[in-house]
Number of protein chains: 4
Amino acid sequence: MPDDPAAHHFHCTDRERAAFEAGIKLGAVFHQFVGLPVSRGNAVAVERAITECVRIQPFVTGAEVRIERAGLPDKAHEYDYRSLTGDMLRVGLTVTYGAAKAEAGILYDEDLAYPLMFLRVND
Amino acid sequence: MPDDPAAHHFHCTDRERAAFEAGIKLGAVFHQFVGLPVSRGNAVAVERAITECVRIQPFVTGAEVRIERAGLPDKAHEYDYRSLTGDMLRVGLTVTYGAAKAEAGILYDEDLAYPLMFLRVND
Amino acid sequence: MPDDPAAHHFHCTDRERAAFEAGIKLGAVFHQFVGLPVSRGNAVAVERAITECVRIQPFVTGAEVRIERAGLPDKAHEYDYRSLTGDMLRVGLTVTYGAAKAEAGILYDEDLAYPLMFLRVND
Amino acid sequence: MPDDPAAHHFHCTDRERAAFEAGIKLGAVFHQFVGLPVSRGNAVAVERAITECVRIQPFVTGAEVRIERAGLPDKAHEYDYRSLTGDMLRVGLTVTYGAAKAEAGILYDEDLAYPLMFLRVND
């Protein structure tokens, strides 16, 4: 177990804690950033801000964020941009808690028509 | 394991999955609702909406949300309300995945000055 | 002009102020609530919370919010709900500032494929 | 009046329209970004993303965003960051609609203890 001043609030294994922390970060990305105005012109700045917001959260040891450009306009007129949706988000992150590692992210599952949050836990 | 059409995206135990799903819901509550205008007058409606938004998410089997009223004004003048902060949120929820159960929530940890997301996993 | 302790921060007519305040509330509704989990089961609670969040903001004298149900599922399985989008939001609100009245809202403009915020100012 | 395919949805002067559009953008900034994880390490990336999200919205001709660093930690331990609040936001933007110009922003009004959105309209 790492040095964690909040450890007394948890009753779970290190692997379960890593999975929990990964879930928090994905829920945060989705619900903080969905809705923001996005176009081809600002997508890089948005990707970078999301990535850096994930990285400063507890026990994150890696994060990558990409906004799917297909369907994003080039801002040809005043109303020509989109609101970020979950379908556009491609996220991968790693949470490390002690010896446990959770690799998680967001992908778009075509069958479910759902931006799915997935998980793999290792130690 | 429950009937889950997305199961092939996961490499983890049922307990780890339950922990992950609980984390997603807490990240969602925090980052979706922090910032909304709140006063003593609308707190009940806000609590109810948050609760019902948690309950419809995958594998949630229970949810309770309370907004701490201490510090909330009574809307005595036009600018007399607050923006919801994490410190005001008291959340408890249960995720059930197969035989595994994650009980998680948000409490305010005075020592860390931090709205902490906690977890207990059972099966 | 109404009794307004912040009046010294404004250099505009009462009608312009009413228009400005109406815009703030619509931007707030869109960007606070887009992304939240919504289904036929929780739509009423969400509509009510949004309405009450608009009503407590400065100079609002009326608000109505409806979530378009077409396309909303009945939660037949775990992943069977949607994230609220701007396209689903039908909002109407009135801001009154002194003798000026701004009637504004969100409608979906099919030609622009855009959730448009509209305005009518009277006095 | 500029070339505006949505003009038929508006019954107001160009100055009122500029004020309305400025209000929308400020409501959007506040309610989209309040709550995001912020520290001294990611503040520049966050400022840049907010700025670029404002700039792509209709009729914006200028935008500046600064996050007040006082009170922001240096990420000395895992829980050592903050959630962005309205009090930390310093925003200035210009909306131009035809000959009308709205200069608006967010400042923190100490007397009201309120992150105030202000406005000046010119033509």
# chains A, B, ... in the order shown; residues from 1 in each chain; ligands from 1
call {"tool": "closest_atom_pairs", "arguments": {"of": "chain D", "to": "chain A", "cutoff": "7 Å", "atoms": "only C-alpha atoms", "output": "CSV"}}
result
residue,atom,partner,partner_atom,distance
D:Gln32,CA,A:Leu36,CA,6.6
D:Phe33,CA,A:Gln32,CA,7.0
D:Leu36,CA,A:Gln32,CA,6.6
D:Pro37,CA,A:Cys53,CA,5.5
D:Val38,CA,A:Cys53,CA,6.7
D:Asn42,CA,A:Glu52,CA,5.8
D:Ala45,CA,A:Ala49,CA,5.1
D:Val46,CA,A:Ala49,CA,5.2
D:Arg48,CA,A:Ala45,CA,6.6
D:Ala49,CA,A:Ala45,CA,5.1
D:Glu52,CA,A:Asn42,CA,5.8
D:Cys53,CA,A:Pro37,CA,5.5
D:Gln57,CA,A:Glu78,CA,7.0
D:Pro58,CA,A:Glu78,CA,4.7
D:Phe59,CA,A:Glu78,CA,6.6
D:Glu78,CA,A:Pro58,CA,4.7
D:Tyr79,CA,A:Pro58,CA,5.9
call {"tool": "write_last_selection", "arguments": {"atoms": "C-alpha atoms", "output": "PDB file, in the first residue's frame"}}
result
ATOM      1  CA  GLN D  32     -18.767  24.116 -18.032  1.00  0.00           C
ATOM      2  CA  PHE D  33     -15.485  24.488 -16.204  1.00  0.00           C
ATOM      3  CA  LEU D  36     -12.388  20.779 -12.801  1.00  0.00           C
ATOM      4  CA  PRO D  37      -9.206  19.690 -11.024  1.00  0.00           C
ATOM      5  CA  VAL D  38      -6.704  22.529 -10.954  1.00  0.00           C
ATOM      6  CA  ASN D  42      -2.106  22.554 -15.084  1.00  0.00           C
ATOM      7  CA  ALA D  45      -3.414  24.405 -20.058  1.00  0.00           C
ATOM      8  CA  VAL D  46      -6.809  25.009 -18.484  1.00  0.00           C
ATOM      9  CA  ARG D  48      -5.828  28.078 -22.788  1.00  0.00           C
ATOM     10  CA  ALA D  49      -8.613  25.543 -23.324  1.00  0.00           C
ATOM     11  CA  GLU D  52     -10.225  28.681 -27.100  1.00  0.00           C
ATOM     12  CA  CYS D  53     -13.665  27.336 -26.184  1.00  0.00           C
ATOM     13  CA  GLN D  57     -18.551  30.551 -30.113  1.00  0.00           C
ATOM     14  CA  PRO D  58     -20.760  32.846 -32.238  1.00  0.00           C
ATOM     15  CA  PHE D  59     -19.764  36.515 -32.555  1.00  0.00           C
ATOM     16  CA  GLU D  78      -1.803  13.004  -3.964  1.00  0.00           C
ATOM     17  CA  TYR D  79      -4.776  15.052  -2.725  1.00  0.00           C
TER      18      TYR D  79
END
call {"tool": "residues_around", "arguments": {"residues": "Cys12 in chain B", "least_positions_apart": "6", "cutoff": "10 Å", "atoms": "only C-alpha atoms", "output": "ChimeraX atom specification"}}
result
/A:15-16,19,102,119-122 /B:18,20
call {"tool": "write_last_selection", "arguments": {"atoms": "all heavy atoms", "output": "compact mmCIF listing (two decimals), in the first residue's frame"}}
result
# COMPACT_ATOMS: atom_id res chain seq x y z
N ARG A 15 -5.95 -3.70 -5.47
CA ARG A 15 -6.48 -3.80 -6.84
C ARG A 15 -7.87 -3.15 -6.94
O ARG A 15 -8.18 -2.46 -7.91
CB ARG A 15 -6.58 -5.26 -7.27
CG ARG A 15 -5.23 -5.91 -7.57
CD ARG A 15 -5.39 -7.42 -7.84
NE ARG A 15 -6.36 -7.66 -8.89
CZ ARG A 15 -6.10 -8.25 -10.07
NH1 ARG A 15 -4.87 -8.68 -10.34
NH2 ARG A 15 -7.05 -8.44 -10.95
N GLU A 16 -8.71 -3.40 -5.94
CA GLU A 16 -10.05 -2.79 -5.95
C GLU A 16 -9.96 -1.27 -5.82
O GLU A 16 -10.69 -0.53 -6.48
CB GLU A 16 -10.92 -3.38 -4.83
CG GLU A 16 -11.30 -4.83 -5.12
CD GLU A 16 -11.61 -5.66 -3.90
OE1 GLU A 16 -11.68 -5.10 -2.77
OE2 GLU A 16 -11.78 -6.89 -4.04
N ALA A 19 -8.98 0.11 -9.15
CA ALA A 19 -10.15 0.10 -10.05
C ALA A 19 -11.10 1.26 -9.72
O ALA A 19 -11.61 1.95 -10.61
CB ALA A 19 -10.88 -1.24 -9.93
N ALA A 102 -4.39 -0.34 -12.50
CA ALA A 102 -5.64 -0.39 -13.27
C ALA A 102 -5.43 0.38 -14.56
O ALA A 102 -5.01 1.54 -14.54
CB ALA A 102 -6.79 0.23 -12.47
N LEU A 119 -11.98 -1.64 -18.32
CA LEU A 119 -11.02 -1.81 -17.23
C LEU A 119 -10.24 -3.10 -17.36
O LEU A 119 -10.80 -4.16 -17.68
CB LEU A 119 -11.78 -1.84 -15.89
CG LEU A 119 -10.99 -2.18 -14.63
CD1 LEU A 119 -10.00 -1.06 -14.28
CD2 LEU A 119 -11.94 -2.42 -13.45
N ARG A 120 -8.94 -3.01 -17.07
CA ARG A 120 -8.08 -4.19 -16.91
C ARG A 120 -7.26 -3.95 -15.64
O ARG A 120 -6.63 -2.89 -15.51
CB ARG A 120 -7.15 -4.34 -18.12
CG ARG A 120 -6.10 -5.44 -17.98
CD ARG A 120 -5.11 -5.40 -19.15
NE ARG A 120 -5.74 -5.77 -20.40
CZ ARG A 120 -5.83 -7.03 -20.87
NH1 ARG A 120 -5.27 -8.03 -20.21
NH2 ARG A 120 -6.43 -7.27 -22.00
N VAL A 121 -7.26 -4.92 -14.74
CA VAL A 121 -6.48 -4.78 -13.51
C VAL A 121 -5.34 -5.79 -13.50
O VAL A 121 -5.55 -6.97 -13.81
CB VAL A 121 -7.35 -4.95 -12.24
CG1 VAL A 121 -6.54 -4.63 -10.99
CG2 VAL A 121 -8.59 -4.05 -12.31
N ASN A 122 -4.16 -5.33 -13.14
CA ASN A 122 -2.97 -6.19 -13.05
C ASN A 122 -2.28 -5.97 -11.72
O ASN A 122 -2.46 -4.94 -11.08
CB ASN A 122 -1.94 -5.79 -14.13
CG ASN A 122 -2.51 -5.79 -15.51
OD1 ASN A 122 -2.94 -6.81 -15.99
ND2 ASN A 122 -2.52 -4.62 -16.15
N ALA B 18 -17.20 -3.98 -9.58
CA ALA B 18 -18.13 -3.22 -8.74
C ALA B 18 -17.46 -1.94 -8.22
O ALA B 18 -18.07 -0.86 -8.20
CB ALA B 18 -18.61 -4.08 -7.58
N PHE B 20 -14.98 -0.30 -9.64
CA PHE B 20 -14.82 0.59 -10.80
C PHE B 20 -16.13 1.33 -11.10
O PHE B 20 -16.14 2.56 -11.28
CB PHE B 20 -14.41 -0.27 -11.99
CG PHE B 20 -14.19 0.45 -13.29
CD1 PHE B 20 -13.16 1.36 -13.44
CD2 PHE B 20 -14.99 0.16 -14.40
CE1 PHE B 20 -12.95 2.00 -14.67
CE2 PHE B 20 -14.78 0.78 -15.62
CZ PHE B 20 -13.76 1.72 -15.75
call {"tool": "select_by_dssp", "arguments": {"residues": "chain A", "states": "helix (DSSP H, G or I)", "output": "ChimeraX atom specification"}}
result
/A:7-9,14-33,43-55,86-88
call {"tool": "write_last_selection", "arguments": {"atoms": "C-alpha atoms", "output": "JSON list (two decimals), in the first residue's frame"}}
result
[["chain", "number", "residue", "atom", "x", "y", "z"],
["A", 7, "ALA", "CA", -6.39, 4.87, 3.70],
["A", 8, "HIS", "CA", -8.61, 4.49, 6.79],
["A", 9, "HIS", "CA", -11.68, 5.34, 4.66],
["A", 14, "ASP", "CA", -5.19, -2.48, -3.51],
["A", 15, "ARG", "CA", -6.48, -3.80, -6.84],
["A", 16, "GLU", "CA", -10.05, -2.79, -5.95],
["A", 17, "ARG", "CA", -8.82, 0.62, -4.86],
["A", 18, "ALA", "CA", -6.97, 1.08, -8.16],
["A", 19, "ALA", "CA", -10.15, 0.10, -10.05],
["A", 20, "PHE", "CA", -12.21, 2.56, -7.98],
["A", 21, "GLU", "CA", -9.79, 5.43, -8.55],
["A", 22, "ALA", "CA", -9.76, 4.71, -12.29],
["A", 23, "GLY", "CA", -13.54, 4.83, -12.36],
["A", 24, "ILE", "CA", -13.61, 8.18, -10.57],
["A", 25, "LYS", "CA", -11.29, 9.72, -13.16],
["A", 26, "LEU", "CA", -13.34, 8.45, -16.11],
["A", 27, "GLY", "CA", -16.61, 9.66, -14.61],
["A", 28, "ALA", "CA", -14.91, 12.99, -14.01],
["A", 29, "VAL", "CA", -13.66, 13.36, -17.59],
["A", 30, "PHE", "CA", -17.01, 12.52, -19.09],
["A", 31, "HIS", "CA", -19.17, 14.70, -16.87],
["A", 32, "GLN", "CA", -16.80, 17.65, -16.58],
["A", 33, "PHE", "CA", -16.07, 18.08, -20.25],
["A", 43, "ALA", "CA", -9.43, 20.24, -30.25],
["A", 44, "VAL", "CA", -5.72, 20.11, -29.43],
["A", 45, "ALA", "CA", -6.06, 22.63, -26.59],
["A", 46, "VAL", "CA", -9.04, 20.73, -25.21],
["A", 47, "GLU", "CA", -7.26, 17.37, -25.38],
["A", 48, "ARG", "CA", -4.30, 18.83, -23.55],
["A", 49, "ALA", "CA", -6.39, 20.38, -20.78],
["A", 50, "ILE", "CA", -8.35, 17.16, -20.20],
["A", 51, "THR", "CA", -5.12, 15.15, -20.09],
["A", 52, "GLU", "CA", -3.56, 17.49, -17.56],
["A", 53, "CYS", "CA", -6.71, 17.49, -15.43],
["A", 54, "VAL", "CA", -6.59, 13.69, -15.27],
["A", 55, "ARG", "CA", -2.89, 13.59, -14.49],
["A", 86, "GLY", "CA", -19.08, 11.04, -25.00],
["A", 87, "ASP", "CA", -18.96, 9.42, -28.44],
["A", 88, "MET", "CA", -16.05, 11.67, -29.42]]
call {"tool": "select_by_dssp", "arguments": {"residues": "range 74-104 of chain B", "states": "strand (DSSP E)", "output": "compact mmCIF listing (two decimals) with all heavy atoms, in the first residue's frame"}}
result
# COMPACT_ATOMS: atom_id res chain seq x y z
N ARG B 82 -25.70 30.06 -3.69
CA ARG B 82 -24.33 29.59 -3.83
C ARG B 82 -24.21 28.71 -5.07
O ARG B 82 -25.21 28.28 -5.63
CB ARG B 82 -23.92 28.74 -2.61
CG ARG B 82 -23.88 29.49 -1.29
CD ARG B 82 -22.67 30.41 -1.18
NE ARG B 82 -22.69 31.15 0.10
CZ ARG B 82 -23.37 32.30 0.27
NH1 ARG B 82 -24.07 32.83 -0.71
NH2 ARG B 82 -23.33 32.90 1.44
N SER B 83 -22.96 28.44 -5.44
CA SER B 83 -22.68 27.39 -6.42
C SER B 83 -22.36 26.12 -5.64
O SER B 83 -21.56 26.16 -4.70
CB SER B 83 -21.46 27.75 -7.26
OG SER B 83 -21.79 28.76 -8.18
N LEU B 89 -21.51 18.12 -0.71
CA LEU B 89 -22.11 16.86 -1.18
C LEU B 89 -21.92 15.72 -0.19
O LEU B 89 -20.79 15.39 0.17
CB LEU B 89 -21.49 16.44 -2.51
CG LEU B 89 -21.99 17.10 -3.78
CD1 LEU B 89 -21.10 16.70 -4.95
CD2 LEU B 89 -23.43 16.70 -4.08
N ARG B 90 -23.02 15.10 0.22
CA ARG B 90 -22.96 13.86 1.01
C ARG B 90 -23.66 12.80 0.16
O ARG B 90 -24.86 12.91 -0.10
CB ARG B 90 -23.70 14.00 2.33
CG ARG B 90 -23.23 15.14 3.21
CD ARG B 90 -21.85 14.89 3.81
NE ARG B 90 -21.45 16.03 4.63
CZ ARG B 90 -20.84 17.13 4.15
NH1 ARG B 90 -20.56 17.24 2.87
NH2 ARG B 90 -20.50 18.11 4.96
N VAL B 91 -22.88 11.83 -0.30
CA VAL B 91 -23.40 10.83 -1.22
C VAL B 91 -23.09 9.44 -0.68
O VAL B 91 -22.01 9.20 -0.14
CB VAL B 91 -22.77 10.98 -2.62
CG1 VAL B 91 -23.26 9.91 -3.57
CG2 VAL B 91 -23.04 12.37 -3.19
N GLY B 92 -24.03 8.54 -0.80
CA GLY B 92 -23.81 7.12 -0.52
C GLY B 92 -24.48 6.31 -1.62
O GLY B 92 -25.61 6.62 -2.00
N LEU B 93 -23.79 5.32 -2.14
CA LEU B 93 -24.41 4.50 -3.18
C LEU B 93 -23.92 3.06 -3.08
O LEU B 93 -22.87 2.78 -2.49
CB LEU B 93 -24.15 5.08 -4.57
CG LEU B 93 -22.72 5.20 -5.07
CD1 LEU B 93 -22.22 3.87 -5.65
CD2 LEU B 93 -22.64 6.26 -6.16
N THR B 94 -24.71 2.16 -3.65
CA THR B 94 -24.35 0.76 -3.71
C THR B 94 -24.36 0.29 -5.16
O THR B 94 -25.31 0.57 -5.89
CB THR B 94 -25.36 -0.10 -2.91
OG1 THR B 94 -25.45 0.42 -1.59
CG2 THR B 94 -24.91 -1.56 -2.85
N VAL B 95 -23.28 -0.37 -5.54
CA VAL B 95 -23.20 -1.02 -6.86
C VAL B 95 -23.14 -2.52 -6.61
O VAL B 95 -22.37 -2.99 -5.77
CB VAL B 95 -21.95 -0.56 -7.62
CG1 VAL B 95 -21.65 -1.50 -8.79
CG2 VAL B 95 -22.12 0.86 -8.12
N THR B 96 -23.96 -3.27 -7.34
CA THR B 96 -23.97 -4.73 -7.21
C THR B 96 -23.62 -5.34 -8.56
O THR B 96 -24.27 -5.04 -9.56
CB THR B 96 -25.36 -5.22 -6.77
OG1 THR B 96 -25.74 -4.50 -5.58
CG2 THR B 96 -25.35 -6.71 -6.49
N TYR B 97 -22.57 -6.12 -8.57
CA TYR B 97 -22.15 -6.77 -9.82
C TYR B 97 -21.97 -8.25 -9.51
O TYR B 97 -21.01 -8.64 -8.85
CB TYR B 97 -20.86 -6.16 -10.36
CG TYR B 97 -20.58 -6.59 -11.78
CD1 TYR B 97 -21.15 -5.91 -12.86
CD2 TYR B 97 -19.77 -7.69 -12.05
CE1 TYR B 97 -20.94 -6.32 -14.17
CE2 TYR B 97 -19.54 -8.10 -13.36
CZ TYR B 97 -20.13 -7.41 -14.41
OH TYR B 97 -19.91 -7.82 -15.69
N ALA B 100 -20.77 -9.49 -6.01
CA ALA B 100 -19.94 -8.45 -5.38
C ALA B 100 -20.74 -7.18 -5.16
O ALA B 100 -21.57 -6.79 -5.98
CB ALA B 100 -18.74 -8.15 -6.26
N LYS B 101 -20.44 -6.53 -4.05
CA LYS B 101 -21.15 -5.31 -3.70
C LYS B 101 -20.13 -4.24 -3.30
O LYS B 101 -19.27 -4.48 -2.44
CB LYS B 101 -22.07 -5.62 -2.53
CG LYS B 101 -23.09 -4.55 -2.24
CD LYS B 101 -24.14 -5.04 -1.25
CE LYS B 101 -25.00 -6.14 -1.82
NZ LYS B 101 -26.45 -5.91 -1.63
N ALA B 102 -20.23 -3.08 -3.93
CA ALA B 102 -19.38 -1.95 -3.54
C ALA B 102 -20.26 -0.88 -2.91
O ALA B 102 -21.25 -0.46 -3.51
CB ALA B 102 -18.67 -1.38 -4.77
N GLU B 103 -19.90 -0.50 -1.70
CA GLU B 103 -20.57 0.62 -1.03
C GLU B 103 -19.60 1.78 -1.02
O GLU B 103 -18.47 1.66 -0.52
CB GLU B 103 -20.96 0.21 0.39
CG GLU B 103 -22.05 -0.86 0.36
CD GLU B 103 -22.33 -1.48 1.72
OE1 GLU B 103 -21.41 -1.45 2.57
OE2 GLU B 103 -23.45 -1.99 1.90
N ALA B 104 -20.02 2.87 -1.60
CA ALA B 104 -19.09 3.98 -1.80
C ALA B 104 -19.84 5.29 -1.62
O ALA B 104 -21.07 5.33 -1.56
CB ALA B 104 -18.50 3.92 -3.20
call {"tool": "closest_residue", "arguments": {"among": "C:Arg66, C:Thr61, C:Leu72, C:Phe118", "to": "Ile106 in chain C", "atoms": "only C-alpha atoms"}}
result
C:Phe118
call {"tool": "atom_distance", "arguments": {"atom1": "CA of Phe10 in chain C", "atom2": "CA of Leu107 in chain D"}}
result
12.2 Å
call {"tool": "closest_residue", "arguments": {"among": "A:Ala99, A:Thr13, A:Asp109, A:Glu68", "to": "Leu84 in chain A", "atoms": "only C-alpha atoms"}}
result
A:Glu68
